[in-house]
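Data block below; observations after.
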Amino acid sequence: MPTFFKTIEVTSKKQFELIDVTSQVAEAVATSGQKNGLAVIYNPHTTASIRLTHNEPMLMQDIMKMLYRTVPLEESYGHDLFETRTEVEVNERSNGHSHVKSFLLGSSETVPIQDGKLSLGKRQSIFFVECDGGRKRDFMVIIYGEQ
């Protein structure tokens, strides 16, 4: 089974942001030449996620509000106690909340490919979810399938 691999860069502008990357993933599928198979969209960062949802602005606000209620900024996170942690990097951010949000959301999605196209639902889009922005990031698309 042939495999295709592509790394895609994104730049977030806000601390929390849902960035629609559906077109970039669809382009990777088209470039791969795979007709049927699976696209795995994987995020290698511990403060970001990959999710599928409807690209609708009010829903994006609902998701953000739910995550901030579930994982509030003002909570005390052990990860942010730099004085007691080991292996703290210079200029490290206080981002315990971002790690927890990312943990709850997950790091990857798998989408079927049929006839050379992503088999997404009518209202589904693929999102890179930034929980600790703004910054430059990347994610990977791994395509397994048949040509």
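To be explicit about the labels: the chains of the structure tokens are called A, B, and onward in the order shown, and within each one the residues are counted from 1, while ligands get numbers from 1 in the order they are shown.
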Next item on the list: Please report, as a ChimeraX atom specification, each residue of segment 2-127 of chain A to which DSSP assigns strand (DSSP E or B) when run on this structure's backbone.
Entry: /A:3-11,17-20,36-42,48-54,108-114,117-118,124-127
Note to self: If we count only C-alpha atoms and set the cut-off at 9 Å, which residues sit around Ser98 of chain A, ignoring sequence neighbours fewer than 5 positions away in its own chain? Please answer as a VMD selection string.
What the structure shows: chain A and resid 15 to 16 46 to 48 71 73 103 130 to 132
Margin query: Applying 9 Å and only C-alpha atoms, which residues near Gly116 of chain A remain after dropping the ones on its own chain fewer than 3 positions away? List them as a VMD selection string.
Written below: chain A and resid 29 to 30 32 to 37 113 147
Once you have the residues from the selection above, write them out as a JSON list (two decimals), in the first residue's frame, restricted to all heavy atoms.
[["chain", "number", "residue", "atom", "x", "y", "z"],
["A", 29, "VAL", "N", -4.09, 15.33, -0.66],
["A", 29, "VAL", "CA", -4.72, 14.11, -1.19],
["A", 29, "VAL", "C", -4.61, 14.09, -2.71],
["A", 29, "VAL", "O", -4.23, 13.08, -3.31],
["A", 29, "VAL", "CB", -6.19, 13.99, -0.73],
["A", 29, "VAL", "CG1", -6.91, 12.87, -1.47],
["A", 29, "VAL", "CG2", -6.25, 13.76, 0.78],
["A", 30, "ALA", "N", -4.92, 15.21, -3.35],
["A", 30, "ALA", "CA", -4.85, 15.29, -4.82],
["A", 30, "ALA", "C", -3.42, 15.06, -5.31],
["A", 30, "ALA", "O", -3.20, 14.31, -6.26],
["A", 30, "ALA", "CB", -5.37, 16.65, -5.28],
["A", 32, "SER", "N", -1.11, 13.38, -3.84],
["A", 32, "SER", "CA", -0.68, 12.00, -3.54],
["A", 32, "SER", "C", -1.02, 11.02, -4.66],
["A", 32, "SER", "O", -0.35, 10.00, -4.82],
["A", 32, "SER", "CB", -1.31, 11.51, -2.24],
["A", 32, "SER", "OG", -2.67, 11.16, -2.45],
["A", 33, "GLY", "N", -2.07, 11.31, -5.40],
["A", 33, "GLY", "CA", -2.52, 10.40, -6.45],
["A", 33, "GLY", "C", -3.27, 9.19, -5.93],
["A", 33, "GLY", "O", -3.66, 8.31, -6.70],
["A", 34, "GLN", "N", -3.50, 9.13, -4.62],
["A", 34, "GLN", "CA", -4.24, 7.99, -4.05],
["A", 34, "GLN", "C", -5.72, 8.12, -4.38],
["A", 34, "GLN", "O", -6.30, 9.18, -4.21],
["A", 34, "GLN", "CB", -4.06, 7.93, -2.52],
["A", 34, "GLN", "CG", -2.64, 7.97, -2.04],
["A", 34, "GLN", "CD", -1.81, 6.75, -2.42],
["A", 34, "GLN", "OE1", -2.15, 5.98, -3.27],
["A", 34, "GLN", "NE2", -0.68, 6.61, -1.77],
["A", 35, "LYS", "N", -6.31, 7.03, -4.84],
["A", 35, "LYS", "CA", -7.74, 7.04, -5.21],
["A", 35, "LYS", "C", -8.63, 6.63, -4.04],
["A", 35, "LYS", "O", -9.69, 7.20, -3.83],
["A", 35, "LYS", "CB", -7.98, 6.11, -6.40],
["A", 35, "LYS", "CG", -7.25, 6.53, -7.65],
["A", 35, "LYS", "CD", -7.71, 7.89, -8.10],
["A", 35, "LYS", "CE", -6.93, 8.34, -9.32],
["A", 35, "LYS", "NZ", -6.92, 9.77, -9.51],
["A", 36, "ASN", "N", -8.20, 5.63, -3.29],
["A", 36, "ASN", "CA", -8.98, 5.13, -2.15],
["A", 36, "ASN", "C", -8.01, 4.82, -1.02],
["A", 36, "ASN", "O", -6.94, 4.28, -1.25],
["A", 36, "ASN", "CB", -9.76, 3.88, -2.52],
["A", 36, "ASN", "CG", -10.78, 4.16, -3.61],
["A", 36, "ASN", "OD1", -11.71, 4.92, -3.41],
["A", 36, "ASN", "ND2", -10.58, 3.55, -4.77],
["A", 37, "GLY", "N", -8.41, 5.18, 0.19],
["A", 37, "GLY", "CA", -7.54, 4.91, 1.33],
["A", 37, "GLY", "C", -7.92, 5.76, 2.52],
["A", 37, "GLY", "O", -9.09, 6.06, 2.74],
["A", 113, "ILE", "N", -10.62, 8.31, 2.13],
["A", 113, "ILE", "CA", -10.47, 8.87, 0.78],
["A", 113, "ILE", "C", -11.22, 7.95, -0.17],
["A", 113, "ILE", "O", -10.99, 6.74, -0.17],
["A", 113, "ILE", "CB", -8.99, 8.95, 0.36],
["A", 113, "ILE", "CG1", -8.22, 9.85, 1.31],
["A", 113, "ILE", "CG2", -8.86, 9.43, -1.09],
["A", 113, "ILE", "CD1", -6.71, 9.75, 1.15],
["A", 147, "GLN", "N", -3.49, 3.58, -5.71],
["A", 147, "GLN", "CA", -3.56, 4.53, -6.84],
["A", 147, "GLN", "C", -4.42, 4.01, -7.95],
["A", 147, "GLN", "O", -4.71, 2.88, -8.09],
["A", 147, "GLN", "CB", -2.14, 4.82, -7.34],
["A", 147, "GLN", "CG", -1.34, 5.52, -6.27],
["A", 147, "GLN", "CD", 0.04, 5.92, -6.73],
["A", 147, "GLN", "OE1", 0.66, 5.24, -7.51],
["A", 147, "GLN", "NE2", 0.53, 7.02, -6.22]]
Margin query: Set the distance at 9 Å and use only C-alpha atoms: which residues neighbour Gly106 of chain A once local chain neighbours fewer than 3 positions away are removed? I'd like the list as an MDAnalysis selection string.
Written below: chainID A and resid 43 48:51 101:103 109
All heavy atoms of the current selection, written as a PDB file, in the first residue's frame:
ATOM      1  N   ASN A  43      -1.073  16.219  14.419  1.00  0.00           N
ATOM      2  CA  ASN A  43      -0.455  17.401  14.986  1.00  0.00           C
ATOM      3  C   ASN A  43       0.625  16.973  15.990  1.00  0.00           C
ATOM      4  O   ASN A  43       0.313  16.279  16.949  1.00  0.00           O
ATOM      5  CB  ASN A  43      -1.543  18.223  15.694  1.00  0.00           C
ATOM      6  CG  ASN A  43      -0.966  19.097  16.767  1.00  0.00           C
ATOM      7  OD1 ASN A  43      -0.094  19.903  16.505  1.00  0.00           O
ATOM      8  ND2 ASN A  43      -1.428  18.924  17.986  1.00  0.00           N
ATOM      9  N   ALA A  48      -1.700  22.066  20.803  1.00  0.00           N
ATOM     10  CA  ALA A  48      -2.574  22.263  19.640  1.00  0.00           C
ATOM     11  C   ALA A  48      -3.237  20.935  19.323  1.00  0.00           C
ATOM     12  O   ALA A  48      -2.839  19.896  19.852  1.00  0.00           O
ATOM     13  CB  ALA A  48      -1.786  22.782  18.448  1.00  0.00           C
ATOM     14  N   SER A  49      -4.247  20.965  18.471  1.00  0.00           N
ATOM     15  CA  SER A  49      -5.009  19.758  18.156  1.00  0.00           C
ATOM     16  C   SER A  49      -5.470  19.767  16.704  1.00  0.00           C
ATOM     17  O   SER A  49      -5.400  20.795  16.031  1.00  0.00           O
ATOM     18  CB  SER A  49      -6.249  19.655  19.052  1.00  0.00           C
ATOM     19  OG  SER A  49      -5.877  19.548  20.398  1.00  0.00           O
ATOM     20  N   ILE A  50      -5.980  18.632  16.275  1.00  0.00           N
ATOM     21  CA  ILE A  50      -6.651  18.495  14.981  1.00  0.00           C
ATOM     22  C   ILE A  50      -8.048  17.978  15.272  1.00  0.00           C
ATOM     23  O   ILE A  50      -8.203  16.987  16.000  1.00  0.00           O
ATOM     24  CB  ILE A  50      -5.914  17.498  14.051  1.00  0.00           C
ATOM     25  CG1 ILE A  50      -4.501  17.991  13.717  1.00  0.00           C
ATOM     26  CG2 ILE A  50      -6.728  17.216  12.795  1.00  0.00           C
ATOM     27  CD1 ILE A  50      -4.431  19.189  12.785  1.00  0.00           C
ATOM     28  N   ARG A  51      -9.075  18.640  14.738  1.00  0.00           N
ATOM     29  CA  ARG A  51     -10.471  18.239  14.974  1.00  0.00           C
ATOM     30  C   ARG A  51     -11.299  18.441  13.717  1.00  0.00           C
ATOM     31  O   ARG A  51     -10.960  19.247  12.848  1.00  0.00           O
ATOM     32  CB  ARG A  51     -11.111  19.085  16.081  1.00  0.00           C
ATOM     33  CG  ARG A  51     -10.553  18.879  17.454  1.00  0.00           C
ATOM     34  CD  ARG A  51     -10.979  17.589  18.127  1.00  0.00           C
ATOM     35  NE  ARG A  51     -10.326  16.454  17.517  1.00  0.00           N
ATOM     36  CZ  ARG A  51     -10.310  15.221  17.971  1.00  0.00           C
ATOM     37  NH1 ARG A  51     -10.944  14.898  19.054  1.00  0.00           N
ATOM     38  NH2 ARG A  51      -9.679  14.253  17.358  1.00  0.00           N
ATOM     39  N   LYS A 101      -6.169  21.582  27.407  1.00  0.00           N
ATOM     40  CA  LYS A 101      -7.139  21.692  26.302  1.00  0.00           C
ATOM     41  C   LYS A 101      -6.757  20.747  25.163  1.00  0.00           C
ATOM     42  O   LYS A 101      -7.597  20.014  24.627  1.00  0.00           O
ATOM     43  CB  LYS A 101      -7.210  23.124  25.783  1.00  0.00           C
ATOM     44  CG  LYS A 101      -7.908  24.084  26.699  1.00  0.00           C
ATOM     45  CD  LYS A 101      -7.880  25.499  26.111  1.00  0.00           C
ATOM     46  CE  LYS A 101      -8.472  26.481  27.076  1.00  0.00           C
ATOM     47  NZ  LYS A 101      -7.504  27.369  27.677  1.00  0.00           N
ATOM     48  N   SER A 102      -5.496  20.764  24.788  1.00  0.00           N
ATOM     49  CA  SER A 102      -5.022  19.912  23.705  1.00  0.00           C
ATOM     50  C   SER A 102      -5.195  18.431  24.041  1.00  0.00           C
ATOM     51  O   SER A 102      -5.591  17.627  23.196  1.00  0.00           O
ATOM     52  CB  SER A 102      -3.549  20.218  23.420  1.00  0.00           C
ATOM     53  OG  SER A 102      -3.025  19.336  22.465  1.00  0.00           O
ATOM     54  N   PHE A 103      -4.921  18.071  25.290  1.00  0.00           N
ATOM     55  CA  PHE A 103      -5.080  16.686  25.735  1.00  0.00           C
ATOM     56  C   PHE A 103      -6.531  16.241  25.573  1.00  0.00           C
ATOM     57  O   PHE A 103      -6.811  15.137  25.114  1.00  0.00           O
ATOM     58  CB  PHE A 103      -4.643  16.559  27.194  1.00  0.00           C
ATOM     59  CG  PHE A 103      -4.825  15.192  27.769  1.00  0.00           C
ATOM     60  CD1 PHE A 103      -3.881  14.200  27.534  1.00  0.00           C
ATOM     61  CD2 PHE A 103      -5.936  14.889  28.537  1.00  0.00           C
ATOM     62  CE1 PHE A 103      -4.061  12.929  28.064  1.00  0.00           C
ATOM     63  CE2 PHE A 103      -6.117  13.626  29.067  1.00  0.00           C
ATOM     64  CZ  PHE A 103      -5.174  12.636  28.825  1.00  0.00           C
ATOM     65  N   GLU A 109      -6.834  13.137  13.403  1.00  0.00           N
ATOM     66  CA  GLU A 109      -8.091  12.678  12.815  1.00  0.00           C
ATOM     67  C   GLU A 109      -7.741  11.792  11.625  1.00  0.00           C
ATOM     68  O   GLU A 109      -6.704  11.994  10.981  1.00  0.00           O
ATOM     69  CB  GLU A 109      -8.960  13.848  12.325  1.00  0.00           C
ATOM     70  CG  GLU A 109      -9.518  14.716  13.412  1.00  0.00           C
ATOM     71  CD  GLU A 109     -10.729  14.113  14.130  1.00  0.00           C
ATOM     72  OE1 GLU A 109     -11.144  12.984  13.784  1.00  0.00           O
ATOM     73  OE2 GLU A 109     -11.246  14.779  15.032  1.00  0.00           O
TER      74      GLU A 109
END
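Within segment 66-144 of chain A, DSSP applied to the backbone places the following residues in alpha helix (DSSP H): Met66, Leu67, Tyr68, Arg69, Thr70, Gly96, His97, Ser98, His99, Val100, Lys101, Ser102, Phe103, Leu104 and Leu105 of chain A.
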Saved selection, atoms kept: N, CA and C atoms, as a PDB file, in the first residue's frame:
ATOM      1  N   MET A  66     -16.846  26.754  25.693  1.00  0.00           N
ATOM      2  CA  MET A  66     -16.910  25.477  26.406  1.00  0.00           C
ATOM      3  C   MET A  66     -15.519  25.078  26.915  1.00  0.00           C
ATOM      4  N   LEU A  67     -14.506  25.232  26.080  1.00  0.00           N
ATOM      5  CA  LEU A  67     -13.147  24.863  26.493  1.00  0.00           C
ATOM      6  C   LEU A  67     -12.632  25.764  27.608  1.00  0.00           C
ATOM      7  N   TYR A  68     -12.928  27.056  27.546  1.00  0.00           N
ATOM      8  CA  TYR A  68     -12.479  27.963  28.603  1.00  0.00           C
ATOM      9  C   TYR A  68     -13.242  27.753  29.903  1.00  0.00           C
ATOM     10  N   ARG A  69     -14.498  27.300  29.833  1.00  0.00           N
ATOM     11  CA  ARG A  69     -15.224  26.946  31.063  1.00  0.00           C
ATOM     12  C   ARG A  69     -14.659  25.662  31.657  1.00  0.00           C
ATOM     13  N   THR A  70     -14.330  24.702  30.791  1.00  0.00           N
ATOM     14  CA  THR A  70     -13.814  23.407  31.233  1.00  0.00           C
ATOM     15  C   THR A  70     -12.375  23.516  31.745  1.00  0.00           C
ATOM     16  N   GLY A  96      -0.069  25.799  31.004  1.00  0.00           N
ATOM     17  CA  GLY A  96      -0.658  24.551  31.479  1.00  0.00           C
ATOM     18  C   GLY A  96      -2.055  24.346  30.935  1.00  0.00           C
ATOM     19  N   HIS A  97      -2.841  25.428  30.887  1.00  0.00           N
ATOM     20  CA  HIS A  97      -4.208  25.347  30.360  1.00  0.00           C
ATOM     21  C   HIS A  97      -4.217  24.894  28.897  1.00  0.00           C
ATOM     22  N   SER A  98      -3.232  25.320  28.125  1.00  0.00           N
ATOM     23  CA  SER A  98      -3.161  24.937  26.709  1.00  0.00           C
ATOM     24  C   SER A  98      -2.871  23.446  26.551  1.00  0.00           C
ATOM     25  N   HIS A  99      -1.998  22.919  27.380  1.00  0.00           N
ATOM     26  CA  HIS A  99      -1.701  21.483  27.344  1.00  0.00           C
ATOM     27  C   HIS A  99      -2.943  20.662  27.692  1.00  0.00           C
ATOM     28  N   VAL A 100      -3.690  21.108  28.688  1.00  0.00           N
ATOM     29  CA  VAL A 100      -4.891  20.372  29.108  1.00  0.00           C
ATOM     30  C   VAL A 100      -5.956  20.417  28.006  1.00  0.00           C
ATOM     31  N   LYS A 101      -6.169  21.582  27.407  1.00  0.00           N
ATOM     32  CA  LYS A 101      -7.139  21.692  26.302  1.00  0.00           C
ATOM     33  C   LYS A 101      -6.757  20.747  25.163  1.00  0.00           C
ATOM     34  N   SER A 102      -5.496  20.764  24.788  1.00  0.00           N
ATOM     35  CA  SER A 102      -5.022  19.912  23.705  1.00  0.00           C
ATOM     36  C   SER A 102      -5.195  18.431  24.041  1.00  0.00           C
ATOM     37  N   PHE A 103      -4.921  18.071  25.290  1.00  0.00           N
ATOM     38  CA  PHE A 103      -5.080  16.686  25.735  1.00  0.00           C
ATOM     39  C   PHE A 103      -6.531  16.241  25.573  1.00  0.00           C
ATOM     40  N   LEU A 104      -7.468  17.103  25.946  1.00  0.00           N
ATOM     41  CA  LEU A 104      -8.890  16.767  25.832  1.00  0.00           C
ATOM     42  C   LEU A 104      -9.340  16.656  24.373  1.00  0.00           C
ATOM     43  N   LEU A 105      -8.771  17.475  23.509  1.00  0.00           N
ATOM     44  CA  LEU A 105      -9.195  17.505  22.109  1.00  0.00           C
ATOM     45  C   LEU A 105      -8.576  16.388  21.265  1.00  0.00           C
TER      46      LEU A 105
END
Note to self: Quick one: residues within 7 Å of Lys13 of chain A, only C-alpha atoms, excluding same-chain residues fewer than 5 positions away - as JSON, numbers by chain?
What the structure shows: {"A": [133, 134, 135]}
For those residues, write C-alpha atoms to a file as a PDB file, in the first residue's frame.
ATOM      1  CA  GLY A 133      -0.863  30.993  19.921  1.00  0.00           C
ATOM      2  CA  GLY A 134      -0.009  33.025  18.037  1.00  0.00           C
ATOM      3  CA  ARG A 135       2.880  31.253  16.490  1.00  0.00           C
TER       4      ARG A 135
END
